[in-house]
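**Q** Pasting a structure below so you can have a look.
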Amino acid sequence: MSDDAPVARPAARRVVVAVAVVALLAVVFAIGRFTAFGASAAPATPSTVSADAGFARDMQVHHTQAVLMAMEIYRKTSDDELRTLSYDIATTQAGQRGEMFGWLVQWGLPQASSQPLMQWMVASSAHSHGDTSALPQDELLAQMGMASDAELDELRTLEGQPADCLFLELMIRHHQGAIPMAEAVIELGSDARVKDVAQTIVAGQSAEIDAMRDIQSRLSCAG
């Protein structure tokens, strides 16, 4: 029995070494998988000139005016359907505006930028406004579907059906300006949350345009 012992010990050592090697390879593989997962789960933070940041800034400006107009008509309309719709627009867009503010805070980026409005869209295949740096601010706002100061003053002044109809005209145009911006960041952006909210904007505001056109018809709005 003692003569067999020296033969058994090297074989046992070989088994132990083999198990240790397999265990080491498993650890190395697991570390590699964890590193790869971490890289995919934590994408790079958008830069200040990214489409994500540009969208967050420009859409906050856009949503601010929509909330203002929606609350103005909510306060004075006597049309129940329009009152409900304007409340939904105001609350939804106020919430989205707050979320966009939070993105920029989380990314460590300023809320304002020296980059002109919609400049971040220049690389879009379908929604680019070109180089916007030479355009005056009023023209850029108009291209975004924004109401002018004179139109906002008129909305504040009017009452009844004329106010309802002006609101619908301005808000349809406003939504029509927002949808291409949302589609552009879906095309150009890199942050999944931004793209999800942009998809919500496209779907929600497209449906609201249809609803507002129906109300226009019911109220016999001109044009």
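Within each chain, counting starts at residue 1; across the structure tokens, chains are named A, B, ... in the order shown, with ligands numbered 1 upward in that order.
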Name all residues at most 8 Å from A:Thr48 (count only C-alpha atoms; drop same-chain ones fewer than 4 positions away) and give them as a count of residues only.
**A** 5
**Q** Just want the 10 Å neighbourhood of stretch 141-157 of chain A, counted on only C-alpha atoms, with same-chain residues fewer than 3 positions away dropped. Output as a PyMOL selection string.
**A** chain A and resi 58-59+61-63+65-66+68-69+72-73+76+117-118+129+136-138+162-167+169-181
**Q** Can you pull out the residues contacting A:Gly204? Cut-off 12 Å, using only C-alpha atoms, and skip same-chain residues under 2 positions away; I want them as a ChimeraX atom specification.
**A** /A:85,88-89,92-93,175-176,178-179,182,197-202,206-211
**Q** Just to confirm, what's the straight-line distance from atom CA of A:Ser50 to atom CA of A:Trp120 in Å (one decimal)?
**A**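 Separating atom CA of A:Ser50 from atom CA of A:Trp120 is a distance of 6.7 Å.
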**Q** Taking only C-alpha atoms into account, which of A:Thr45, A:His127, A:Ser133, A:Ala70 comes nearest A:Ala192?
**A**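 When distances to A:Ala192 are compared using only C-alpha atoms, the smallest one comes from A:Thr45.
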**Q** Pick the closest to A:Ala222 from A:Gly189, A:Gln161, A:Phe101, A:Ser78: which is it, counting only C-alpha atoms?
**A** A:Gln161
**Q** Within 8 Å of A:Met100, counting only C-alpha atoms, which residues qualify if same-chain residues fewer than 5 places away don't, as a list of chain:residue names?
**A**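 The contact residues come out as A:Ala56, A:Arg57, A:Gln60.
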**Q** Assign secondary structure with DSSP using the backbone only, and return the residues of stretch 76-164 of chain A in alpha helix (DSSP H) as a PDB file with N, CA and C atoms, in the first residue's frame.
**A**
ATOM      1  N   LYS A  76     -60.519  80.479 -19.280  1.00  0.00           N
ATOM      2  CA  LYS A  76     -61.674  81.255 -19.727  1.00  0.00           C
ATOM      3  C   LYS A  76     -62.596  80.566 -20.735  1.00  0.00           C
ATOM      4  N   ASP A  80     -66.328  72.434 -22.728  1.00  0.00           N
ATOM      5  CA  ASP A  80     -65.830  71.391 -21.835  1.00  0.00           C
ATOM      6  C   ASP A  80     -64.715  70.564 -22.472  1.00  0.00           C
ATOM      7  N   GLU A  81     -64.880  70.216 -23.735  1.00  0.00           N
ATOM      8  CA  GLU A  81     -63.863  69.394 -24.394  1.00  0.00           C
ATOM      9  C   GLU A  81     -62.544  70.146 -24.496  1.00  0.00           C
ATOM     10  N   LEU A  82     -62.622  71.408 -24.875  1.00  0.00           N
ATOM     11  CA  LEU A  82     -61.401  72.207 -25.001  1.00  0.00           C
ATOM     12  C   LEU A  82     -60.769  72.446 -23.634  1.00  0.00           C
ATOM     13  N   ARG A  83     -61.593  72.610 -22.633  1.00  0.00           N
ATOM     14  CA  ARG A  83     -61.076  72.801 -21.275  1.00  0.00           C
ATOM     15  C   ARG A  83     -60.300  71.561 -20.819  1.00  0.00           C
ATOM     16  N   THR A  84     -60.844  70.387 -21.083  1.00  0.00           N
ATOM     17  CA  THR A  84     -60.152  69.142 -20.718  1.00  0.00           C
ATOM     18  C   THR A  84     -58.857  68.987 -21.501  1.00  0.00           C
ATOM     19  N   LEU A  85     -58.909  69.250 -22.800  1.00  0.00           N
ATOM     20  CA  LEU A  85     -57.725  69.105 -23.640  1.00  0.00           C
ATOM     21  C   LEU A  85     -56.633  70.080 -23.215  1.00  0.00           C
ATOM     22  N   SER A  86     -57.007  71.319 -22.946  1.00  0.00           N
ATOM     23  CA  SER A  86     -55.996  72.316 -22.568  1.00  0.00           C
ATOM     24  C   SER A  86     -55.356  71.960 -21.227  1.00  0.00           C
ATOM     25  N   TYR A  87     -56.144  71.407 -20.315  1.00  0.00           N
ATOM     26  CA  TYR A  87     -55.584  70.960 -19.032  1.00  0.00           C
ATOM     27  C   TYR A  87     -54.580  69.827 -19.258  1.00  0.00           C
ATOM     28  N   ASP A  88     -54.926  68.890 -20.114  1.00  0.00           N
ATOM     29  CA  ASP A  88     -54.017  67.773 -20.408  1.00  0.00           C
ATOM     30  C   ASP A  88     -52.720  68.276 -21.037  1.00  0.00           C
ATOM     31  N   ILE A  89     -52.832  69.219 -21.967  1.00  0.00           N
ATOM     32  CA  ILE A  89     -51.629  69.774 -22.606  1.00  0.00           C
ATOM     33  C   ILE A  89     -50.748  70.453 -21.563  1.00  0.00           C
ATOM     34  N   ALA A  90     -51.352  71.270 -20.712  1.00  0.00           N
ATOM     35  CA  ALA A  90     -50.575  72.016 -19.718  1.00  0.00           C
ATOM     36  C   ALA A  90     -49.867  71.084 -18.740  1.00  0.00           C
ATOM     37  N   THR A  91     -50.577  70.106 -18.202  1.00  0.00           N
ATOM     38  CA  THR A  91     -49.970  69.231 -17.200  1.00  0.00           C
ATOM     39  C   THR A  91     -48.928  68.297 -17.808  1.00  0.00           C
ATOM     40  N   THR A  92     -49.216  67.761 -19.000  1.00  0.00           N
ATOM     41  CA  THR A  92     -48.262  66.860 -19.651  1.00  0.00           C
ATOM     42  C   THR A  92     -46.973  67.586 -19.996  1.00  0.00           C
ATOM     43  N   GLN A  93     -47.115  68.763 -20.597  1.00  0.00           N
ATOM     44  CA  GLN A  93     -45.912  69.463 -21.045  1.00  0.00           C
ATOM     45  C   GLN A  93     -45.147  70.086 -19.876  1.00  0.00           C
ATOM     46  N   ALA A  94     -45.838  70.463 -18.811  1.00  0.00           N
ATOM     47  CA  ALA A  94     -45.128  70.935 -17.624  1.00  0.00           C
ATOM     48  C   ALA A  94     -44.294  69.803 -17.022  1.00  0.00           C
ATOM     49  N   GLY A  95     -44.864  68.596 -16.992  1.00  0.00           N
ATOM     50  CA  GLY A  95     -44.120  67.452 -16.480  1.00  0.00           C
ATOM     51  C   GLY A  95     -42.915  67.107 -17.337  1.00  0.00           C
ATOM     52  N   GLN A  96     -43.093  67.118 -18.661  1.00  0.00           N
ATOM     53  CA  GLN A  96     -41.982  66.830 -19.562  1.00  0.00           C
ATOM     54  C   GLN A  96     -40.895  67.893 -19.460  1.00  0.00           C
ATOM     55  N   ARG A  97     -41.307  69.142 -19.320  1.00  0.00           N
ATOM     56  CA  ARG A  97     -40.332  70.236 -19.177  1.00  0.00           C
ATOM     57  C   ARG A  97     -39.477  70.028 -17.932  1.00  0.00           C
ATOM     58  N   GLY A  98     -40.110  69.619 -16.830  1.00  0.00           N
ATOM     59  CA  GLY A  98     -39.352  69.342 -15.615  1.00  0.00           C
ATOM     60  C   GLY A  98     -38.388  68.180 -15.791  1.00  0.00           C
ATOM     61  N   GLU A  99     -38.818  67.161 -16.529  1.00  0.00           N
ATOM     62  CA  GLU A  99     -37.940  66.023 -16.777  1.00  0.00           C
ATOM     63  C   GLU A  99     -36.728  66.442 -17.605  1.00  0.00           C
ATOM     64  N   MET A 100     -36.945  67.285 -18.610  1.00  0.00           N
ATOM     65  CA  MET A 100     -35.840  67.756 -19.447  1.00  0.00           C
ATOM     66  C   MET A 100     -34.855  68.615 -18.645  1.00  0.00           C
ATOM     67  N   PHE A 101     -35.380  69.434 -17.750  1.00  0.00           N
ATOM     68  CA  PHE A 101     -34.524  70.206 -16.853  1.00  0.00           C
ATOM     69  C   PHE A 101     -33.644  69.252 -16.039  1.00  0.00           C
ATOM     70  N   GLY A 102     -34.263  68.182 -15.539  1.00  0.00           N
ATOM     71  CA  GLY A 102     -33.533  67.204 -14.747  1.00  0.00           C
ATOM     72  C   GLY A 102     -32.442  66.484 -15.528  1.00  0.00           C
ATOM     73  N   TRP A 103     -32.682  66.206 -16.803  1.00  0.00           N
ATOM     74  CA  TRP A 103     -31.638  65.568 -17.615  1.00  0.00           C
ATOM     75  C   TRP A 103     -30.369  66.415 -17.612  1.00  0.00           C
ATOM     76  N   LEU A 104     -30.535  67.692 -17.893  1.00  0.00           N
ATOM     77  CA  LEU A 104     -29.370  68.576 -17.996  1.00  0.00           C
ATOM     78  C   LEU A 104     -28.645  68.672 -16.658  1.00  0.00           C
ATOM     79  N   VAL A 105     -29.401  68.702 -15.565  1.00  0.00           N
ATOM     80  CA  VAL A 105     -28.775  68.703 -14.243  1.00  0.00           C
ATOM     81  C   VAL A 105     -27.979  67.420 -14.035  1.00  0.00           C
ATOM     82  N   GLN A 106     -28.579  66.292 -14.377  1.00  0.00           N
ATOM     83  CA  GLN A 106     -27.911  65.001 -14.197  1.00  0.00           C
ATOM     84  C   GLN A 106     -26.658  64.897 -15.056  1.00  0.00           C
ATOM     85  N   GLN A 137     -33.703  85.630 -33.945  1.00  0.00           N
ATOM     86  CA  GLN A 137     -34.422  84.815 -32.971  1.00  0.00           C
ATOM     87  C   GLN A 137     -35.900  84.679 -33.320  1.00  0.00           C
ATOM     88  N   ASP A 138     -36.529  85.756 -33.768  1.00  0.00           N
ATOM     89  CA  ASP A 138     -37.961  85.699 -34.088  1.00  0.00           C
ATOM     90  C   ASP A 138     -38.241  84.700 -35.198  1.00  0.00           C
ATOM     91  N   GLU A 139     -37.351  84.639 -36.182  1.00  0.00           N
ATOM     92  CA  GLU A 139     -37.544  83.694 -37.281  1.00  0.00           C
ATOM     93  C   GLU A 139     -37.346  82.257 -36.811  1.00  0.00           C
ATOM     94  N   LEU A 140     -36.382  82.047 -35.930  1.00  0.00           N
ATOM     95  CA  LEU A 140     -36.161  80.701 -35.395  1.00  0.00           C
ATOM     96  C   LEU A 140     -37.370  80.233 -34.587  1.00  0.00           C
ATOM     97  N   LEU A 141     -37.914  81.120 -33.778  1.00  0.00           N
ATOM     98  CA  LEU A 141     -39.096  80.767 -32.986  1.00  0.00           C
ATOM     99  C   LEU A 141     -40.281  80.451 -33.896  1.00  0.00           C
ATOM    100  N   ALA A 142     -40.421  81.220 -34.973  1.00  0.00           N
ATOM    101  CA  ALA A 142     -41.516  80.961 -35.918  1.00  0.00           C
ATOM    102  C   ALA A 142     -41.344  79.606 -36.588  1.00  0.00           C
ATOM    103  N   GLN A 143     -40.107  79.248 -36.933  1.00  0.00           N
ATOM    104  CA  GLN A 143     -39.852  77.939 -37.545  1.00  0.00           C
ATOM    105  C   GLN A 143     -40.159  76.801 -36.574  1.00  0.00           C
ATOM    106  N   ASP A 149     -45.365  87.407 -29.913  1.00  0.00           N
ATOM    107  CA  ASP A 149     -45.866  88.180 -28.782  1.00  0.00           C
ATOM    108  C   ASP A 149     -47.225  88.794 -29.100  1.00  0.00           C
ATOM    109  N   ALA A 150     -47.391  89.264 -30.333  1.00  0.00           N
ATOM    110  CA  ALA A 150     -48.662  89.871 -30.730  1.00  0.00           C
ATOM    111  C   ALA A 150     -49.793  88.849 -30.688  1.00  0.00           C
ATOM    112  N   GLU A 151     -49.512  87.613 -31.122  1.00  0.00           N
ATOM    113  CA  GLU A 151     -50.532  86.565 -31.091  1.00  0.00           C
ATOM    114  C   GLU A 151     -50.894  86.189 -29.657  1.00  0.00           C
ATOM    115  N   LEU A 152     -49.912  86.162 -28.773  1.00  0.00           N
ATOM    116  CA  LEU A 152     -50.192  85.862 -27.365  1.00  0.00           C
ATOM    117  C   LEU A 152     -51.024  86.974 -26.732  1.00  0.00           C
ATOM    118  N   ASP A 153     -50.713  88.215 -27.075  1.00  0.00           N
ATOM    119  CA  ASP A 153     -51.506  89.331 -26.561  1.00  0.00           C
ATOM    120  C   ASP A 153     -52.957  89.238 -27.039  1.00  0.00           C
ATOM    121  N   GLU A 154     -53.126  88.852 -28.301  1.00  0.00           N
ATOM    122  CA  GLU A 154     -54.480  88.722 -28.842  1.00  0.00           C
ATOM    123  C   GLU A 154     -55.232  87.605 -28.120  1.00  0.00           C
ATOM    124  N   LEU A 155     -54.553  86.497 -27.855  1.00  0.00           N
ATOM    125  CA  LEU A 155     -55.194  85.387 -27.145  1.00  0.00           C
ATOM    126  C   LEU A 155     -55.640  85.829 -25.753  1.00  0.00           C
ATOM    127  N   ARG A 156     -54.839  86.633 -25.090  1.00  0.00           N
ATOM    128  CA  ARG A 156     -55.209  87.128 -23.760  1.00  0.00           C
ATOM    129  C   ARG A 156     -56.416  88.062 -23.826  1.00  0.00           C
ATOM    130  N   THR A 157     -56.545  88.792 -24.926  1.00  0.00           N
ATOM    131  CA  THR A 157     -57.594  89.798 -25.056  1.00  0.00           C
ATOM    132  C   THR A 157     -58.944  89.188 -25.416  1.00  0.00           C
ATOM    133  N   GLY A 160     -64.568  83.938 -25.420  1.00  0.00           N
ATOM    134  CA  GLY A 160     -65.553  83.129 -26.126  1.00  0.00           C
ATOM    135  C   GLY A 160     -64.994  82.359 -27.313  1.00  0.00           C
ATOM    136  N   GLN A 161     -65.851  82.187 -28.332  1.00  0.00           N
ATOM    137  CA  GLN A 161     -65.479  81.395 -29.505  1.00  0.00           C
ATOM    138  C   GLN A 161     -64.251  81.941 -30.240  1.00  0.00           C
ATOM    139  N   PRO A 162     -64.089  83.255 -30.392  1.00  0.00           N
ATOM    140  CA  PRO A 162     -62.872  83.755 -31.035  1.00  0.00           C
ATOM    141  C   PRO A 162     -61.597  83.344 -30.294  1.00  0.00           C
ATOM    142  N   ALA A 163     -61.640  83.365 -28.957  1.00  0.00           N
ATOM    143  CA  ALA A 163     -60.469  82.933 -28.193  1.00  0.00           C
ATOM    144  C   ALA A 163     -60.213  81.440 -28.378  1.00  0.00           C
ATOM    145  N   ASP A 164     -61.276  80.641 -28.323  1.00  0.00           N
ATOM    146  CA  ASP A 164     -61.132  79.200 -28.522  1.00  0.00           C
ATOM    147  C   ASP A 164     -60.499  78.894 -29.874  1.00  0.00           C
TER     148      ASP A 164
END
**Q** One decimal, in Å: what's the spacing between atom CA of A:Ser128 and atom CA of A:Gly108?
**A**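 Computed distance, atom CA of A:Ser128 to atom CA of A:Gly108, equals 26.5 Å.
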**Q** Please report the interatomic distance between atom CA of A:Ala134 and atom CA of A:Ser190 in Å with one decimal.
**A**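 Spanning atom CA of A:Ala134 to atom CA of A:Ser190 is a straight-line distance of 27.3 Å.
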